[in-house]
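Asker: Provided herewith is a single structure, encoded as structure tokens, for subsequent inquiry.
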Amino acid sequence: MSLKGKTAIITGSNSGIGLGVARELARAGADVVLNSFTNRDEDHALAASIAEEFGVTARYIQADMSKGDACRDLVKDAGGCDILVNNAGIQHVAPIDEFPVEKWDAIIAINMNSAFHTTAAALPYMRERGWGRVVNIASAHGLTASPFKSAYIAAKHGVVGMTKTVALETAQEAITANAICPGYVLTPLVEAQIPDTMREYNMSREDVVKNVMLTRQPSKEFATVEQIGGTTVFLCSAAADQITGTTISVDGGWTAL
Ligand code: NAD
């Protein structure tokens, strides 16, 4: 399957899942626009390395996804959008009665509101070209809850709900909107937590992974960024033309429990 000629914007893609998704879309032939709020040489170098490795056009555009105007400008500055992957996200953990208001506002803005703004800006481009894909990276926490993550869970459930509405508003066009709900994914951020947790609990790496991190993931394996990227590519394929308004869990059985 080739996504040659398609432009994909992936928000929050200078690391982790976003970068993995960008790489898999580029591997499938799409031109990619990487994004985060920083503007470092290494951000632009990441785009250059993807362009070289996969023979596609790859650009890095700085835009802060906590700001509505910046979200809309990202899509405009990209000059078009066939595939929109809303991935940017942050987390904060605290009981609800102690949850810092500024953290709540930032999580709702970056994890949920940004998807509203980018989708609103991208749909006219998709309609003009007669084809489009909106892929929202939600979470197992878009379908279930855990204590102390109120803002994240509110935002991710919100994204899942918004995905359904976008799907209904585009149902009679060649545009689909879906959410991928990953369980625990092995990103550099997660990997970096393992040594500290090993020390804290005096446990082996295997015990930390299986019995601390993956307690809710029945497979006892992390999902990988390549699997999230591969699922995104699938959603962009013709096989997924009639898949819209739904969620695909990549969670090792988490939501089956
Ligand atoms: P990460 O921290 O590696 O990636 C987050 C990305 O968002 C980074 O590129 C970061 O620069 C970017 N970002 C943060 N604030 C931003 C802002 N204001 N503007 C633009 N970009 C911003 O984490 P990740 O694990 O790769 O998470 C990516 C997405 O996947 C998030 O939405 C997260 O909720 C979701 N997710 C992650 C997991 C997991 O286990 N890692 C599980 C389920 C869902």
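Here, A, B, ... name the chains of the structure tokens in the order displayed, residue numbers run from 1 inside each chain, and ligands are numbered from 1 in the same displayed order.
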Could you pull out the residues sitting within 7 Å of ligand 1, using only C-alpha atoms and all ligand atoms, and write them as a PyMOL selection string?
Answerer: chain A and resi 11-18+35-37+63-66+87-91+110-111+137-140+181-190
Asker: Where does segment 72-134 of chain A meet segment 39-59 of chain A within 12 Å, residue by residue, with the nearest atom pair and distance in Å to one decimal for each, counting only C-alpha atoms, listed by chain and rising number, as a Markdown table?
Answerer:
| residue | atom | partner | partner_atom | distance |
| --- | --- | --- | --- | --- |
| A:Leu74 | CA | A:Arg59 | CA | 11.6 |
| A:Asp77 | CA | A:Arg59 | CA | 10.7 |
| A:Ala78 | CA | A:Arg59 | CA | 8.6 |
| A:Gly79 | CA | A:Arg59 | CA | 11.5 |
Asker: Choose the residue, out of A:Cys236, A:Ala192, A:Met203, A:Ile153, that has the smallest atom-to-atom separation from Gly29 of chain A; count only C-alpha atoms.
Answerer: A:Cys236
Asker: Hey, which bits of segment 77-170 of chain A sit within 12 Å of segment 240-254 of chain A, and for each residue what's the closest pair of atoms and how far apart in Å (one decimal), counting only C-alpha atoms, rows by chain and increasing number, as JSON lines?
Answerer:
{"residue": "A:Trp131", "atom": "CA", "partner": "A:Asp241", "partner_atom": "CA", "distance": 10.1}
{"residue": "A:Gly132", "atom": "CA", "partner": "A:Asp241", "partner_atom": "CA", "distance": 10.1}
{"residue": "A:Arg133", "atom": "CA", "partner": "A:Thr244", "partner_atom": "CA", "distance": 9.4}
{"residue": "A:Val134", "atom": "CA", "partner": "A:Thr244", "partner_atom": "CA", "distance": 9.4}
{"residue": "A:Val135", "atom": "CA", "partner": "A:Thr247", "partner_atom": "CA", "distance": 9.7}
{"residue": "A:Asn136", "atom": "CA", "partner": "A:Thr247", "partner_atom": "CA", "distance": 9.2}
{"residue": "A:Ile137", "atom": "CA", "partner": "A:Thr247", "partner_atom": "CA", "distance": 9.7}
{"residue": "A:Ala138", "atom": "CA", "partner": "A:Thr247", "partner_atom": "CA", "distance": 8.7}
{"residue": "A:Ser139", "atom": "CA", "partner": "A:Ser249", "partner_atom": "CA", "distance": 7.9}
{"residue": "A:Ala140", "atom": "CA", "partner": "A:Asp251", "partner_atom": "CA", "distance": 6.9}
{"residue": "A:His141", "atom": "CA", "partner": "A:Trp254", "partner_atom": "CA", "distance": 10.0}
{"residue": "A:Gly142", "atom": "CA", "partner": "A:Thr247", "partner_atom": "CA", "distance": 9.3}
{"residue": "A:Leu143", "atom": "CA", "partner": "A:Thr247", "partner_atom": "CA", "distance": 9.1}
{"residue": "A:Thr144", "atom": "CA", "partner": "A:Trp254", "partner_atom": "CA", "distance": 9.3}
{"residue": "A:Ala145", "atom": "CA", "partner": "A:Trp254", "partner_atom": "CA", "distance": 11.5}
{"residue": "A:Lys156", "atom": "CA", "partner": "A:Thr247", "partner_atom": "CA", "distance": 11.7}
{"residue": "A:His157", "atom": "CA", "partner": "A:Thr247", "partner_atom": "CA", "distance": 11.1}
{"residue": "A:Val159", "atom": "CA", "partner": "A:Thr247", "partner_atom": "CA", "distance": 10.5}
{"residue": "A:Val160", "atom": "CA", "partner": "A:Thr247", "partner_atom": "CA", "distance": 7.4}
{"residue": "A:Gly161", "atom": "CA", "partner": "A:Gly245", "partner_atom": "CA", "distance": 8.8}
{"residue": "A:Met162", "atom": "CA", "partner": "A:Gly245", "partner_atom": "CA", "distance": 9.0}
{"residue": "A:Thr163", "atom": "CA", "partner": "A:Gly245", "partner_atom": "CA", "distance": 5.8}
{"residue": "A:Lys164", "atom": "CA", "partner": "A:Gly245", "partner_atom": "CA", "distance": 4.2}
{"residue": "A:Thr165", "atom": "CA", "partner": "A:Gly245", "partner_atom": "CA", "distance": 7.3}
{"residue": "A:Val166", "atom": "CA", "partner": "A:Gly245", "partner_atom": "CA", "distance": 7.4}
{"residue": "A:Ala167", "atom": "CA", "partner": "A:Gly245", "partner_atom": "CA", "distance": 4.7}
{"residue": "A:Leu168", "atom": "CA", "partner": "A:Gly245", "partner_atom": "CA", "distance": 7.1}
{"residue": "A:Glu169", "atom": "CA", "partner": "A:Gly245", "partner_atom": "CA", "distance": 10.0}
{"residue": "A:Thr170", "atom": "CA", "partner": "A:Thr244", "partner_atom": "CA", "distance": 9.2}
Asker: Using only C-alpha atoms, find the one residue out of A:Ala8, A:Ala106, A:Ala151, A:Ala120 that sits nearest to Ala26 of chain A.
Answerer: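 Looking at the shortest contact to Ala26 of chain A, the residue is A:Ala8.
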Asker: Step one, run DSSP on the backbone; step two, keep only residues of segment 105-165 of chain A assigned to strand (DSSP E or B); then write them as a count of residues only.
Answerer: 6
Asker: I need the residue nearest Ser146 of chain A from this list: A:Ile10, A:Ala22, A:Val33, A:Ala94. Use only C-alpha atoms for the distance.
Answerer: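 Of A:Ile10, A:Ala22, A:Val33, A:Ala94, the one nearest Ser146 of chain A, counting only C-alpha atoms, is A:Ala94.
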Asker: What lies within 9 Å of Phe148 of chain A using only C-alpha atoms, ignoring chain neighbours under 3 positions off, as a VMD selection string?
Answerer: chain A and resid 92 to 96 99 151
Asker: Tell me, as JSON, numbers by chain, which residues lie within 12 Å of Ala239 of chain A, counting only C-alpha atoms; anything in the same chain fewer than 5 positions away does not count.
Answerer: {"A": [1, 176, 231, 233, 234, 244]}
Asker: By how many Å are atom CA of Gln193 of chain A and atom CA of Val208 of chain A apart?
Answerer: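 Result for atom CA of Gln193 of chain A versus atom CA of Val208 of chain A: 9.9 Å, one decimal.
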Asker: Rank nothing, just name the residue among A:Ile228, A:Leu123, A:Ile194, A:Ala109 nearest to Val212 of chain A, using only C-alpha atoms.
Answerer: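 Of A:Ile228, A:Leu123, A:Ile194, A:Ala109, the one nearest Val212 of chain A, counting only C-alpha atoms, is A:Ile194.
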Asker: Pick out the closest residue to Thr118 of chain A from this set: A:Leu235, A:Val209, A:Ala174, A:Ala70. Count only C-alpha atoms.
Answerer: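 Checking each candidate against Thr118 of chain A, we get A:Ala70 as the closest.
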Asker: Take atom CA of Lys4 of chain A and atom CA of Asp31 of chain A and report the distance between them in Å, one decimal.
Answerer: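 Computing it gives 7.3 Å between the two atoms.
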Asker: One decimal, Å: what's the distance from atom CA of Asn178 of chain A over to atom CA of Gly20 of chain A, could you say?
Answerer: 18.0 Å
Asker: Pick out each residue of segment 59-227 of chain A that DSSP on the backbone tags as helix (DSSP H, G or I); I need them as a count of residues only.
Answerer: 92
